[in-house]
Amino acid sequence: MTATTSPRDPLTPRGLAGKLMAVVRPEFRASELRFASDDPVFGGRVCRVSHCTRIAHGRGLCQGHHQRWRGEGRPDLESYLATTDPQWRRARPNGKCALDGCGYGVARSGLCALHAQRWHKAGRPDLTTWSARAERAAAPKTPCLIEHCDLWPRATSVFCHTHHNTWRVHGNGPVAEFAAAFVTATESAGGTITLEQLPPGLRLEIAYGLQCRSDERATVTRPTVVMLAVRVLAAAGAASLLEQPEEHWRSLIGPTKSNAQSFISFTYRKLEDLAEGEGWEAEYPRDRWRLRRLGFPGDNILRFDQIPQPVLRDLAKRWIRWRLASGVHLDVARRGIRALTRFAQFCDAVGIEELPGIDRALLERYLADLSAERWRDQFKSGHLGQLTSFFQAIRIHQWDQRLPATAMFFPDDHPQRPELPPRALSEQVMAQVEHPDNLARFTNPAYRLTTLILIRCGLRVSDALKLPPDCVVADSDGAPYLRYFNHKMKREALVPIDEELRALLDQQRAERASAACLFPRPSKNPDGIMPVSSSTYRLALYRWLEHCDVRDETRAPVHFTPHQWRHTLGTRLINRDVPQEVVRKILDHDSPLMTAHYANSRELHQVNALSLVA
């Protein structure tokens, strides 16, 4: 595939080379890197052949056993596993001369070179008759120099026939070095990454990517995946990854090799971060903040380059930096940028470039312009709330004294928000969801336990999936509670649980004793520190609902979000005459007004029930 992107100025000045030399550790600078099969990042599953400790690839077999299985005509895999030699091909004994008492290696016709030559000169008589009277050579004092080979060495060599030929193919180097390297390669149970085909600068860049992968321990990277990327880079004649855009290399690798693409993208971004610098001092002056350089997970970007006015752009960056430093959630900060970007573009359209032009008259014009948007009233109100927060921050922190005092929105400017209908699920739906037979249909017990936590404790799904292993605590009377971190309120909270749920949580903890969280991600998670994502659980939930054929009162298939279980718990508690203050503490609401919504939901449910009866 030929890339269509044009080259750019390389970001590989002497400064980056010096930085790489300073940060890449010696163990990653070798041209050939070897990793054990149990390496948490570059290792993997062990070959299914008993006593073989090499990394598994196709069919659960290491590369050597997989090739042998294919060469034998792809026999029944279980029979092959039970009968094949566990040794790797290079460690298996070489062929021995067919003549009894001769220890030389096979050269041709099943005989060593000496006996094959004599047999051919004799006219190739019957081998059994001829071998009985053939002359045998005296055994040498030492066998082949290769440690695991017991064949006799050739007369002019320290290696047997086969290993002598291998030594010649590899350039007739020092025999001791070849023998040691051969044994190391044979006994290596892991994978090998060879970088010698790359130029020195690019080799150091890939080494840096491998080192970062190893240090982060966030995903598994097979050596075969890395070698695929290395071959593409070598074929392209690249001197540095940063001499072309990231998409150039991804297009060369191709979409079918997504793992190799991911490794190249990871390395590319790490090199960019190293070249351009990390931290607030380096990132703040830019108009596009890469949040990974500021310590945030993922590869999110906050964009200020769409704010036309320099003064508003500078104030926006100052405002967002302050909000992030004060603990505001990233999504809230992103909503603030979107609101301010739209407002700034409106100001640009009407000719407002400086703060003194932002007065009440302008805001009234903006309200009229905003009313034309086909947004829900909730979005419009949130939009105005973000702008209000921006104006207040400028005044409170005295960032710019030129902002007019009349630049403010009033409560009457916000759209009137109607009372939201209850989101609790009906008892008919809940009866199907909570039925033991349906719960048993979860293929993953962790998802079943997560569902029970959401139903009985009312946690938000992201909080439930991030539970630590020691999440169960007891009060002075021994009553169990679930302790979790309420990310919305940024505090720890407790919710009472029953004994059945306590036992299930203890069982999950025992089964995941080595993990750092209660529900670790099942793949690409070497140290068990990454929890299952909420999107993964939602997909499993929706598959489960379809499999269980859960239907509502109208016999239509049910579709709901995990958060509705939180509303369902609040409504159930209110319907059972649990005091609102108790419900507020169970759900860890910050305001009684939110809990009061469930009391209103109770009245609405009663009206709906009466209408159904009528």
# chains A, B, ... in the order shown; residues from 1 in each chain; ligands from 1
$ residues_around --residues "Val24 (chain A)" --least-positions-apart "2" --cutoff "12 Å" --atoms "only C-alpha atoms" --output "list in words"
Leu16, Ala17, Gly18, Lys19, Leu20, Met21, Ala22, Pro26, Glu27, Phe28, Arg29, Ala30, Arg203, Leu204, Glu205, Ile206, Ala207, Tyr208, Gly209, Leu210, Gln211, Cys212, Ser214, Asp215, Leu271 and Leu274 of chain A
$ write_last_selection --atoms "N, CA and C atoms" --output "compact mmCIF listing (two decimals), in the first residue's frame"
# COMPACT_ATOMS: atom_id res chain seq x y z
N LEU A 16 15.92 15.55 20.41
CA LEU A 16 15.17 14.33 20.68
C LEU A 16 16.12 13.14 20.82
N ALA A 17 17.13 13.09 19.96
CA ALA A 17 18.09 11.98 20.06
C ALA A 17 18.76 11.98 21.43
N GLY A 18 19.09 13.16 21.91
CA GLY A 18 19.70 13.24 23.24
C GLY A 18 18.74 12.81 24.33
N LYS A 19 17.47 13.20 24.18
CA LYS A 19 16.48 12.78 25.17
C LYS A 19 16.30 11.27 25.17
N LEU A 20 16.28 10.68 23.97
CA LEU A 20 16.13 9.23 23.89
C LEU A 20 17.32 8.52 24.54
N MET A 21 18.52 9.01 24.28
CA MET A 21 19.70 8.41 24.89
C MET A 21 19.66 8.52 26.40
N ALA A 22 18.99 9.56 26.90
CA ALA A 22 18.94 9.76 28.35
C ALA A 22 17.89 8.89 29.02
N PRO A 26 19.46 0.54 29.31
CA PRO A 26 20.35 -0.36 28.56
C PRO A 26 19.67 -1.64 28.11
N GLU A 27 18.76 -2.20 28.92
CA GLU A 27 18.17 -3.48 28.54
C GLU A 27 17.28 -3.38 27.30
N PHE A 28 16.89 -2.16 26.91
CA PHE A 28 16.07 -2.00 25.71
C PHE A 28 16.88 -1.49 24.52
N ARG A 29 18.18 -1.28 24.68
CA ARG A 29 18.99 -0.75 23.59
C ARG A 29 19.61 -1.84 22.72
N ALA A 30 19.50 -3.08 23.13
CA ALA A 30 20.08 -4.17 22.34
C ALA A 30 19.34 -4.31 21.01
N ARG A 203 15.73 2.68 15.54
CA ARG A 203 15.84 1.56 16.48
C ARG A 203 15.67 2.04 17.91
N LEU A 204 16.24 3.21 18.21
CA LEU A 204 16.12 3.76 19.56
C LEU A 204 14.69 4.22 19.83
N GLU A 205 14.01 4.73 18.81
CA GLU A 205 12.62 5.15 18.98
C GLU A 205 11.72 3.96 19.29
N ILE A 206 11.89 2.86 18.55
CA ILE A 206 11.08 1.66 18.82
C ILE A 206 11.42 1.10 20.20
N ALA A 207 12.69 1.15 20.56
CA ALA A 207 13.08 0.69 21.90
C ALA A 207 12.39 1.52 22.98
N TYR A 208 12.26 2.81 22.75
CA TYR A 208 11.58 3.67 23.71
C TYR A 208 10.09 3.30 23.81
N GLY A 209 9.47 3.00 22.67
CA GLY A 209 8.08 2.54 22.71
C GLY A 209 7.93 1.24 23.49
N LEU A 210 8.87 0.31 23.29
CA LEU A 210 8.82 -0.96 24.03
C LEU A 210 9.02 -0.72 25.53
N GLN A 211 9.92 0.18 25.87
CA GLN A 211 10.15 0.48 27.27
C GLN A 211 8.92 1.09 27.92
N CYS A 212 8.26 2.00 27.21
CA CYS A 212 7.03 2.62 27.75
C CYS A 212 5.93 1.58 27.92
N SER A 214 6.35 -1.55 28.52
CA SER A 214 6.74 -2.38 29.65
C SER A 214 6.46 -1.67 30.98
N ASP A 215 6.74 -0.37 31.02
CA ASP A 215 6.57 0.39 32.27
C ASP A 215 5.10 0.61 32.60
N LEU A 271 6.76 9.45 21.51
CA LEU A 271 7.87 10.23 20.96
C LEU A 271 7.50 11.70 20.84
N LEU A 274 7.71 13.21 24.23
CA LEU A 274 9.10 13.40 24.64
C LEU A 274 9.73 14.59 23.90
$ select_by_dssp --residues "region 237-475 of chain A" --states "alpha helix (DSSP H)" --output "JSON, numbers by chain"
{"A": [246, 247, 248, 249, 250, 251, 252, 253, 258, 259, 260, 261, 262, 263, 264, 265, 266, 267, 268, 269, 270, 271, 272, 273, 274, 275, 276, 280, 281, 282, 283, 310, 311, 312, 313, 314, 315, 316, 317, 318, 319, 320, 321, 322, 323, 324, 325, 330, 331, 332, 333, 334, 335, 336, 337, 338, 339, 340, 341, 342, 343, 344, 345, 346, 347, 348, 349, 360, 361, 362, 363, 364, 365, 366, 367, 368, 369, 370, 371, 377, 378, 379, 380, 381, 382, 383, 384, 385, 386, 387, 388, 389, 390, 391, 392, 393, 394, 395, 396, 427, 428, 429, 430, 431, 432, 433, 436, 437, 438, 439, 445, 446, 447, 448, 449, 450, 451, 452, 453, 454, 455, 456, 457, 461, 462, 463, 464, 465]}
$ closest_residue --among "A:Ile264, A:Ala339, A:Leu202, A:Leu151" --to "Leu228 (chain A)" --atoms "only C-alpha atoms"
A:Ile264
$ atom_distance --atom1 "CA of Thr406 (chain A)" --atom2 "CA of His383 (chain A)"
18.5 Å
$ atom_distance --atom1 "CA of Tyr80 (chain A)" --atom2 "CA of Val46 (chain A)"
16.3 Å
$ residues_around --residues "region 584-595 of chain A" --least-positions-apart "6" --cutoff "8 Å" --atoms "only C-alpha atoms" --output "list of chain:residue names"
A:Cys457, A:Gly458, A:Leu459, A:Asn486, A:Met489, A:Ala493, A:Leu494, A:Val495, A:Pro496, A:Arg566, A:Gly570
$ residues_around --residues "Thr128 (chain A)" --least-positions-apart "3" --cutoff "10 Å" --atoms "only C-alpha atoms" --output "PyMOL selection string"
chain A and resi 98-99+125+131-133
$ write_last_selection --atoms "C-alpha atoms" --output "PDB file, in the first residue's frame"
ATOM      1  CA  ALA A  98      22.488 -45.529  10.406  1.00  0.00           C
ATOM      2  CA  LEU A  99      25.511 -47.708  11.086  1.00  0.00           C
ATOM      3  CA  PRO A 125      24.927 -52.685  -2.214  1.00  0.00           C
ATOM      4  CA  SER A 131      27.032 -52.126   7.083  1.00  0.00           C
ATOM      5  CA  ALA A 132      27.919 -55.403   8.839  1.00  0.00           C
ATOM      6  CA  ARG A 133      31.443 -55.340   7.379  1.00  0.00           C
TER       7      ARG A 133
END
$ residues_around --residues "Glu135 (chain A)" --least-positions-apart "3" --cutoff "12 Å" --atoms "only C-alpha atoms" --output "list in words"
Leu99, Asp100, Gly101, Cys102, Leu114, His115, Arg118, Trp119, Trp130, Ser131, Ala132 and Ala138 of chain A
$ write_last_selection --atoms "N, CA, C and O atoms" --output "compact mmCIF listing (two decimals), in the first residue's frame"
# COMPACT_ATOMS: atom_id res chain seq x y z
N LEU A 99 24.64 -46.60 10.70
CA LEU A 99 25.51 -47.71 11.09
C LEU A 99 25.66 -47.76 12.60
O LEU A 99 25.97 -46.74 13.24
N ASP A 100 25.43 -48.93 13.14
CA ASP A 100 25.62 -49.11 14.58
C ASP A 100 27.05 -48.80 14.96
O ASP A 100 28.00 -49.24 14.30
N GLY A 101 27.22 -48.07 16.04
CA GLY A 101 28.54 -47.76 16.53
C GLY A 101 29.13 -46.50 15.94
O GLY A 101 30.22 -46.08 16.35
N CYS A 102 28.47 -45.87 14.97
CA CYS A 102 28.96 -44.62 14.38
C CYS A 102 28.17 -43.46 14.98
O CYS A 102 26.93 -43.47 14.97
N LEU A 114 31.27 -39.78 5.68
CA LEU A 114 32.31 -40.78 5.40
C LEU A 114 31.69 -42.08 4.90
O LEU A 114 32.09 -42.62 3.86
N HIS A 115 30.69 -42.61 5.61
CA HIS A 115 30.11 -43.89 5.23
C HIS A 115 29.25 -43.77 3.97
O HIS A 115 29.17 -44.73 3.18
N ARG A 118 31.75 -44.06 1.08
CA ARG A 118 32.24 -45.43 0.90
C ARG A 118 31.14 -46.33 0.33
O ARG A 118 31.40 -47.20 -0.51
N TRP A 119 29.92 -46.12 0.78
CA TRP A 119 28.81 -46.95 0.29
C TRP A 119 28.55 -46.69 -1.19
O TRP A 119 28.30 -47.61 -1.97
N TRP A 130 26.12 -54.59 3.73
CA TRP A 130 27.34 -53.77 3.66
C TRP A 130 27.72 -53.20 5.01
O TRP A 130 28.90 -53.16 5.37
N SER A 131 26.73 -52.77 5.80
CA SER A 131 27.03 -52.13 7.08
C SER A 131 27.65 -53.09 8.08
O SER A 131 28.39 -52.69 8.98
N ALA A 132 27.37 -54.42 7.89
CA ALA A 132 27.92 -55.40 8.84
C ALA A 132 29.43 -55.48 8.76
O ALA A 132 30.11 -55.76 9.76
N ALA A 138 36.94 -44.40 15.07
CA ALA A 138 37.07 -44.32 16.53
C ALA A 138 36.32 -43.09 17.05
O ALA A 138 36.30 -42.03 16.41
$ residues_around --residues "Leu195 (chain A)" --least-positions-apart "4" --cutoff "8 Å" --atoms "only C-alpha atoms" --output "count of residues only"
4
$ atom_distance --atom1 "CA of Thr571 (chain A)" --atom2 "CA of Tyr542 (chain A)"
23.1 Å
$ closest_residue --among "A:Val106, A:Val558, A:Val23, A:Ala596" --to "Gln432 (chain A)" --atoms "only C-alpha atoms"
A:Val558
